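> This is the structure I want to talk about, given as structure tokens.
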2 protein chains.
Amino acid sequence: MKKADDCPLCLTAGGQVLWAGALLRVIAVDDPLHPGYTRVIWQEHLAEMTQLPAAARHALMEAVWRVEQAQRDVLQADKINLAQFGNMVPHLHWHVIPRWAGDSHFPEAIWAPAPRRSPEQLAAWQAQKALIQARLPHYHAALRAAFAQDVAH
Amino acid sequence: MKKADDCPLCLTAGGQVLWAGALLRVIAVDDPLHPGYTRVIWQEHLAEMTQLPAAARHALMEAVWRVEQAQRDVLQADKINLAQFGNMVPHLHWHVIPRWAGDSHFPEAIWAPAPRRSPEQLAAWQAQKALIQARLPHYHAALRAAFAQDVAH
């Protein structure tokens, strides 16, 4: 399996490991602005989806859908954001980000500047975020259960 | 097929149509900063990938990989960026964005503020961008050919 000496995703887990298999791992991202933010990281050091054989690509996307489904079911996100960039770390990793209409950046991408909010809006999001954070253990348990059933990864 | 009265991707093509089938269409995005920027838009009005049946989801991703492959082969991008957000327009559409190490936003996401560049860097990117833009007709022809072979979409 190809690894790179200078790649943070080859050298470290890249976050709290929720599940890890031979092909991929699922990581909880510690982001105070975006509760539930999860990454699906391919174990081998490859930069682009089209560098994977079709079956491997399919396995990676199946994992992304599984995370998306758990975010919809357990976190009841208003929207799911998916992204695979790798501009800074060219090692395949998918961002799976649950979004809420009142979150710090909605409807912008989380990489964009945060829109201006009123103090009332900020307070409402803080309260909602606390409820979401309280649900994270259930979300992580659901994810682990979804992946534990699976021997293909 | 579900359509929404107030959805711009139901009401309009959303850009220059490079290819359109029953399930999805491929659009050239007119973005002066990001030559080659392409979207794959699902024809039905649905918000999330996990709302699609597995076969439809697979067909949509196969189209995304085909666009990525053409961007790698014909445009020789340094990196491909993939994203499905739908925060503003909750109708499934994938952004497939070829990136170059010297482009206006690299290594940031294109939705982030552009990093500061020197006049020399800006001039070098302008020159490179002109060469990329000259290749776009070849890129579009390659995409059309890749999709024309395909009857499944």
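Going by the structure tokens order, chains are called A, B, ..., each with residues numbered from 1, while ligands are numbered from 1 in the order shown.
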Write out as JSON lines the residues of chain B that have any atom within 6 Å of an atom of chain A, one row each with the nearest atom pair and its distance in Å to one decimal, counting only C-alpha atoms, sorted by chain and then rising number.

{"residue": "B:Asn81", "atom": "CA", "partner": "A:Phe85", "partner_atom": "CA", "distance": 4.4}
{"residue": "B:Leu82", "atom": "CA", "partner": "A:Gln84", "partner_atom": "CA", "distance": 5.1}
{"residue": "B:Ala83", "atom": "CA", "partner": "A:Ala83", "partner_atom": "CA", "distance": 4.2}
{"residue": "B:Gln84", "atom": "CA", "partner": "A:Leu82", "partner_atom": "CA", "distance": 5.1}
{"residue": "B:Phe85", "atom": "CA", "partner": "A:Asn81", "partner_atom": "CA", "distance": 4.4}
{"residue": "B:Asn87", "atom": "CA", "partner": "A:Pro107", "partner_atom": "CA", "distance": 5.0}
{"residue": "B:Met88", "atom": "CA", "partner": "A:Pro107", "partner_atom": "CA", "distance": 5.8}
{"residue": "B:Pro107", "atom": "CA", "partner": "A:Asn87", "partner_atom": "CA", "distance": 5.1}
{"residue": "B:Trp111", "atom": "CA", "partner": "A:Ala112", "partner_atom": "CA", "distance": 5.1}
{"residue": "B:Ala112", "atom": "CA", "partner": "A:Ala112", "partner_atom": "CA", "distance": 4.4}
> For region 22-61 of chain A versus region 139-147 of chain A, which residues have an atom no more than 10 Å away, and what is each residue's nearest atom pair and distance in Å rounded to one decimal, using only C-alpha atoms, chain-then-number order, as a Markdown table?

| residue | atom | partner | partner_atom | distance |
| --- | --- | --- | --- | --- |
| A:Arg25 | CA | A:Phe147 | CA | 9.9 |
| A:Val26 | CA | A:Leu143 | CA | 8.8 |
| A:Ile27 | CA | A:His140 | CA | 9.8 |
| A:Ala28 | CA | A:His140 | CA | 8.3 |
| A:Gly36 | CA | A:Tyr139 | CA | 7.9 |
| A:Thr38 | CA | A:His140 | CA | 9.8 |
> Find the distance between CA of Val40 (chain B) and CA of Pro98 (chain B) and write it in Å to one decimal.
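Between CA of Val40 (chain B) and CA of Pro98 (chain B) the gap works out to 13.8 Å.
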> Quick check, in Å to one decimal: how far apart do CA of Gln43 (chain A) and CA of Asp31 (chain A) lie?
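It comes out at 22.1 Å.
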> Would you mind listing what lies within 12 Å of Ala124 (chain B) as JSON, numbers by chain, with only C-alpha atoms counted and same-chain residues fewer than 3 positions away left out?
{"B": [100, 101, 102, 103, 104, 117, 118, 119, 120, 121, 127, 128, 129, 130, 131]}
> Which residues in region 46-139 of chain B does DSSP call strand (DSSP E)? List them as a PyMOL selection string.
chain B and resi 79-84+93-99
> Based on the selection just made, write all heavy atoms of those residues as an mmCIF file, in the first residue's frame.

data_model
loop_
_atom_site.group_PDB
_atom_site.id
_atom_site.type_symbol
_atom_site.label_atom_id
_atom_site.label_comp_id
_atom_site.auth_asym_id
_atom_site.auth_seq_id
_atom_site.Cartn_x
_atom_site.Cartn_y
_atom_site.Cartn_z
ATOM 1 N N LYS B 79 -4.998 19.279 -9.632
ATOM 2 C CA LYS B 79 -5.839 18.634 -8.622
ATOM 3 C C LYS B 79 -7.277 18.789 -9.079
ATOM 4 O O LYS B 79 -7.610 19.777 -9.743
ATOM 5 C CB LYS B 79 -5.631 19.332 -7.253
ATOM 6 C CG LYS B 79 -6.265 18.639 -6.078
ATOM 7 C CD LYS B 79 -5.552 17.336 -5.712
ATOM 8 C CE LYS B 79 -6.410 16.429 -4.829
ATOM 9 N NZ LYS B 79 -7.600 15.866 -5.505
ATOM 10 N N ILE B 80 -8.108 17.827 -8.694
ATOM 11 C CA ILE B 80 -9.542 17.938 -8.973
ATOM 12 C C ILE B 80 -10.263 18.165 -7.643
ATOM 13 O O ILE B 80 -9.981 17.475 -6.664
ATOM 14 C CB ILE B 80 -10.078 16.661 -9.648
ATOM 15 C CG1 ILE B 80 -9.251 16.298 -10.887
ATOM 16 C CG2 ILE B 80 -11.554 16.832 -9.990
ATOM 17 C CD1 ILE B 80 -9.242 17.312 -11.996
ATOM 18 N N ASN B 81 -11.171 19.114 -7.636
ATOM 19 C CA ASN B 81 -12.008 19.359 -6.452
ATOM 20 C C ASN B 81 -13.430 18.942 -6.771
ATOM 21 O O ASN B 81 -13.993 19.339 -7.802
ATOM 22 C CB ASN B 81 -11.997 20.837 -6.061
ATOM 23 C CG ASN B 81 -10.709 21.295 -5.391
ATOM 24 O OD1 ASN B 81 -10.613 22.434 -4.954
ATOM 25 N ND2 ASN B 81 -9.702 20.426 -5.300
ATOM 26 N N LEU B 82 -14.016 18.166 -5.847
ATOM 27 C CA LEU B 82 -15.388 17.670 -5.999
ATOM 28 C C LEU B 82 -16.226 18.156 -4.826
ATOM 29 O O LEU B 82 -15.768 18.100 -3.684
ATOM 30 C CB LEU B 82 -15.396 16.139 -5.997
ATOM 31 C CG LEU B 82 -14.496 15.434 -7.009
ATOM 32 C CD1 LEU B 82 -14.513 13.923 -6.740
ATOM 33 C CD2 LEU B 82 -14.942 15.729 -8.427
ATOM 34 N N ALA B 83 -17.449 18.607 -5.105
ATOM 35 C CA ALA B 83 -18.309 19.027 -3.994
ATOM 36 C C ALA B 83 -19.773 18.938 -4.368
ATOM 37 O O ALA B 83 -20.159 19.183 -5.517
ATOM 38 C CB ALA B 83 -17.968 20.458 -3.568
ATOM 39 N N GLN B 84 -20.556 18.575 -3.391
ATOM 40 C CA GLN B 84 -22.017 18.532 -3.503
ATOM 41 C C GLN B 84 -22.541 19.199 -2.236
ATOM 42 O O GLN B 84 -22.416 18.633 -1.148
ATOM 43 C CB GLN B 84 -22.469 17.064 -3.576
ATOM 44 C CG GLN B 84 -23.792 16.794 -4.265
ATOM 45 C CD GLN B 84 -25.022 17.367 -3.618
ATOM 46 O OE1 GLN B 84 -25.619 18.325 -4.129
ATOM 47 N NE2 GLN B 84 -25.423 16.808 -2.490
ATOM 48 N N HIS B 93 -26.448 18.603 -7.378
ATOM 49 C CA HIS B 93 -25.515 19.014 -8.438
ATOM 50 C C HIS B 93 -24.106 18.918 -7.889
ATOM 51 O O HIS B 93 -23.810 19.379 -6.793
ATOM 52 C CB HIS B 93 -25.825 20.425 -8.949
ATOM 53 C CG HIS B 93 -25.750 21.517 -7.934
ATOM 54 N ND1 HIS B 93 -26.735 21.732 -6.995
ATOM 55 C CD2 HIS B 93 -24.810 22.458 -7.695
ATOM 56 C CE1 HIS B 93 -26.403 22.765 -6.234
ATOM 57 N NE2 HIS B 93 -25.240 23.229 -6.630
ATOM 58 N N TRP B 94 -23.245 18.313 -8.669
ATOM 59 C CA TRP B 94 -21.841 18.147 -8.287
ATOM 60 C C TRP B 94 -20.997 19.198 -8.982
ATOM 61 O O TRP B 94 -21.074 19.376 -10.194
ATOM 62 C CB TRP B 94 -21.349 16.750 -8.671
ATOM 63 C CG TRP B 94 -21.762 15.722 -7.657
ATOM 64 C CD1 TRP B 94 -22.937 15.018 -7.648
ATOM 65 C CD2 TRP B 94 -21.025 15.315 -6.503
ATOM 66 N NE1 TRP B 94 -22.967 14.194 -6.540
ATOM 67 C CE2 TRP B 94 -21.808 14.348 -5.823
ATOM 68 C CE3 TRP B 94 -19.782 15.671 -5.974
ATOM 69 C CZ2 TRP B 94 -21.379 13.740 -4.644
ATOM 70 C CZ3 TRP B 94 -19.364 15.061 -4.808
ATOM 71 C CH2 TRP B 94 -20.150 14.110 -4.157
ATOM 72 N N HIS B 95 -20.164 19.858 -8.185
ATOM 73 C CA HIS B 95 -19.149 20.752 -8.713
ATOM 74 C C HIS B 95 -17.899 19.918 -9.001
ATOM 75 O O HIS B 95 -17.411 19.220 -8.088
ATOM 76 C CB HIS B 95 -18.792 21.819 -7.686
ATOM 77 C CG HIS B 95 -19.967 22.604 -7.164
ATOM 78 N ND1 HIS B 95 -20.440 23.724 -7.803
ATOM 79 C CD2 HIS B 95 -20.773 22.433 -6.087
ATOM 80 C CE1 HIS B 95 -21.475 24.205 -7.121
ATOM 81 N NE2 HIS B 95 -21.705 23.440 -6.079
ATOM 82 N N VAL B 96 -17.411 19.982 -10.205
ATOM 83 C CA VAL B 96 -16.161 19.297 -10.569
ATOM 84 C C VAL B 96 -15.226 20.388 -11.093
ATOM 85 O O VAL B 96 -15.454 20.956 -12.161
ATOM 86 C CB VAL B 96 -16.388 18.196 -11.622
ATOM 87 C CG1 VAL B 96 -15.100 17.392 -11.828
ATOM 88 C CG2 VAL B 96 -17.545 17.280 -11.218
ATOM 89 N N ILE B 97 -14.208 20.687 -10.299
ATOM 90 C CA ILE B 97 -13.413 21.902 -10.523
ATOM 91 C C ILE B 97 -11.948 21.536 -10.696
ATOM 92 O O ILE B 97 -11.299 21.057 -9.761
ATOM 93 C CB ILE B 97 -13.555 22.870 -9.333
ATOM 94 C CG1 ILE B 97 -15.029 23.050 -8.960
ATOM 95 C CG2 ILE B 97 -12.885 24.213 -9.637
ATOM 96 C CD1 ILE B 97 -15.244 23.424 -7.507
ATOM 97 N N PRO B 98 -11.420 21.766 -11.901
ATOM 98 C CA PRO B 98 -9.983 21.522 -12.074
ATOM 99 C C PRO B 98 -9.210 22.649 -11.395
ATOM 100 O O PRO B 98 -9.559 23.818 -11.521
ATOM 101 C CB PRO B 98 -9.806 21.560 -13.589
ATOM 102 C CG PRO B 98 -10.920 22.429 -14.093
ATOM 103 C CD PRO B 98 -12.051 22.299 -13.112
ATOM 104 N N ARG B 99 -8.180 22.279 -10.682
ATOM 105 C CA ARG B 99 -7.387 23.277 -9.949
ATOM 106 C C ARG B 99 -5.927 23.216 -10.392
ATOM 107 O O ARG B 99 -5.412 22.147 -10.738
ATOM 108 C CB ARG B 99 -7.483 22.999 -8.432
ATOM 109 C CG ARG B 99 -8.904 22.998 -7.861
ATOM 110 C CD ARG B 99 -9.568 24.368 -7.929
ATOM 111 N NE ARG B 99 -8.732 25.412 -7.358
ATOM 112 C CZ ARG B 99 -8.735 25.754 -6.054
ATOM 113 N NH1 ARG B 99 -9.549 25.145 -5.235
ATOM 114 N NH2 ARG B 99 -7.941 26.714 -5.611
#
> Between CA of Leu52 (chain B) and CA of His91 (chain B), what is the distance in Å, rounded to a tenth?
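Interatomic distance, CA of Leu52 (chain B) to CA of His91 (chain B): 11.9 Å.
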> Identify all residues of region 30-132 of chain A in helix (DSSP H, G or I) (DSSP on the backbone) and supply them as a PyMOL selection string.
chain A and resi 49-51+54-73+119-132
> Considering only C-alpha atoms, return as an mmCIF file with all heavy atoms, in the first residue's frame whatever protein or nucleic-acid residues lie within 10 Å of Ala4 (chain B), sequence-local ones (same chain, fewer than 4 positions apart) excluded.

data_model
loop_
_atom_site.group_PDB
_atom_site.id
_atom_site.type_symbol
_atom_site.label_atom_id
_atom_site.label_comp_id
_atom_site.auth_asym_id
_atom_site.auth_seq_id
_atom_site.Cartn_x
_atom_site.Cartn_y
_atom_site.Cartn_z
ATOM 1 N N PRO B 8 -33.971 27.000 -9.475
ATOM 2 C CA PRO B 8 -33.314 27.431 -10.718
ATOM 3 C C PRO B 8 -32.794 26.264 -11.549
ATOM 4 O O PRO B 8 -32.701 26.386 -12.774
ATOM 5 C CB PRO B 8 -32.160 28.328 -10.232
ATOM 6 C CG PRO B 8 -32.032 28.090 -8.768
ATOM 7 C CD PRO B 8 -33.354 27.571 -8.277
ATOM 8 N N LEU B 9 -32.489 25.138 -10.915
ATOM 9 C CA LEU B 9 -31.992 23.987 -11.686
ATOM 10 C C LEU B 9 -33.125 23.146 -12.262
ATOM 11 O O LEU B 9 -32.887 22.266 -13.087
ATOM 12 C CB LEU B 9 -31.038 23.137 -10.846
ATOM 13 C CG LEU B 9 -29.736 23.840 -10.458
ATOM 14 C CD1 LEU B 9 -28.836 22.910 -9.667
ATOM 15 C CD2 LEU B 9 -29.010 24.372 -11.696
ATOM 16 N N CYS B 10 -34.355 23.419 -11.825
ATOM 17 C CA CYS B 10 -35.527 22.836 -12.494
ATOM 18 C C CYS B 10 -36.022 23.753 -13.615
ATOM 19 O O CYS B 10 -36.522 23.280 -14.636
ATOM 20 C CB CYS B 10 -36.653 22.598 -11.491
ATOM 21 S SG CYS B 10 -36.328 21.242 -10.336
ATOM 22 N N LEU B 11 -35.847 25.066 -13.410
ATOM 23 C CA LEU B 11 -36.398 26.043 -14.363
ATOM 24 C C LEU B 11 -35.456 26.337 -15.519
ATOM 25 O O LEU B 11 -35.908 26.709 -16.604
ATOM 26 C CB LEU B 11 -36.729 27.348 -13.630
ATOM 27 C CG LEU B 11 -37.804 27.241 -12.541
ATOM 28 C CD1 LEU B 11 -37.927 28.558 -11.776
ATOM 29 C CD2 LEU B 11 -39.155 26.869 -13.163
ATOM 30 N N GLU B 44 -33.776 15.152 -11.767
ATOM 31 C CA GLU B 44 -34.888 15.213 -10.820
ATOM 32 C C GLU B 44 -34.533 16.119 -9.636
ATOM 33 O O GLU B 44 -33.382 16.203 -9.214
ATOM 34 C CB GLU B 44 -35.227 13.800 -10.318
ATOM 35 C CG GLU B 44 -36.492 13.784 -9.461
ATOM 36 C CD GLU B 44 -37.059 12.379 -9.255
ATOM 37 O OE1 GLU B 44 -36.361 11.392 -9.551
ATOM 38 O OE2 GLU B 44 -38.218 12.295 -8.786
ATOM 39 N N HIS B 45 -35.558 16.750 -9.076
ATOM 40 C CA HIS B 45 -35.360 17.649 -7.939
ATOM 41 C C HIS B 45 -35.286 16.853 -6.631
ATOM 42 O O HIS B 45 -36.319 16.548 -6.020
ATOM 43 C CB HIS B 45 -36.492 18.679 -7.869
ATOM 44 C CG HIS B 45 -36.277 19.713 -6.797
ATOM 45 N ND1 HIS B 45 -35.445 20.794 -6.971
ATOM 46 C CD2 HIS B 45 -36.777 19.823 -5.537
ATOM 47 C CE1 HIS B 45 -35.442 21.531 -5.867
ATOM 48 N NE2 HIS B 45 -36.243 20.964 -4.980
ATOM 49 N N LEU B 46 -34.064 16.523 -6.251
ATOM 50 C CA LEU B 46 -33.811 15.834 -4.975
ATOM 51 C C LEU B 46 -32.614 16.515 -4.328
ATOM 52 O O LEU B 46 -31.723 17.006 -5.025
ATOM 53 C CB LEU B 46 -33.488 14.352 -5.216
ATOM 54 C CG LEU B 46 -34.645 13.470 -5.670
ATOM 55 C CD1 LEU B 46 -34.128 12.102 -6.095
ATOM 56 C CD2 LEU B 46 -35.697 13.335 -4.564
ATOM 57 N N HIS B 91 -30.904 20.960 -4.928
ATOM 58 C CA HIS B 91 -31.185 20.102 -6.087
ATOM 59 C C HIS B 91 -29.825 19.517 -6.439
ATOM 60 O O HIS B 91 -28.888 20.271 -6.750
ATOM 61 C CB HIS B 91 -31.766 20.984 -7.204
ATOM 62 C CG HIS B 91 -32.024 20.264 -8.505
ATOM 63 N ND1 HIS B 91 -33.205 20.412 -9.212
ATOM 64 C CD2 HIS B 91 -31.264 19.422 -9.244
ATOM 65 C CE1 HIS B 91 -33.154 19.683 -10.315
ATOM 66 N NE2 HIS B 91 -31.980 19.072 -10.358
#
> Using only C-alpha atoms, pick whichever of A:Cys7, A:Ala13, A:Val29, A:Leu23 has the shortest atom-to-atom distance to Ala63 (chain A).
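Ranked by minimum distance to Ala63 (chain A), first place goes to A:Leu23.
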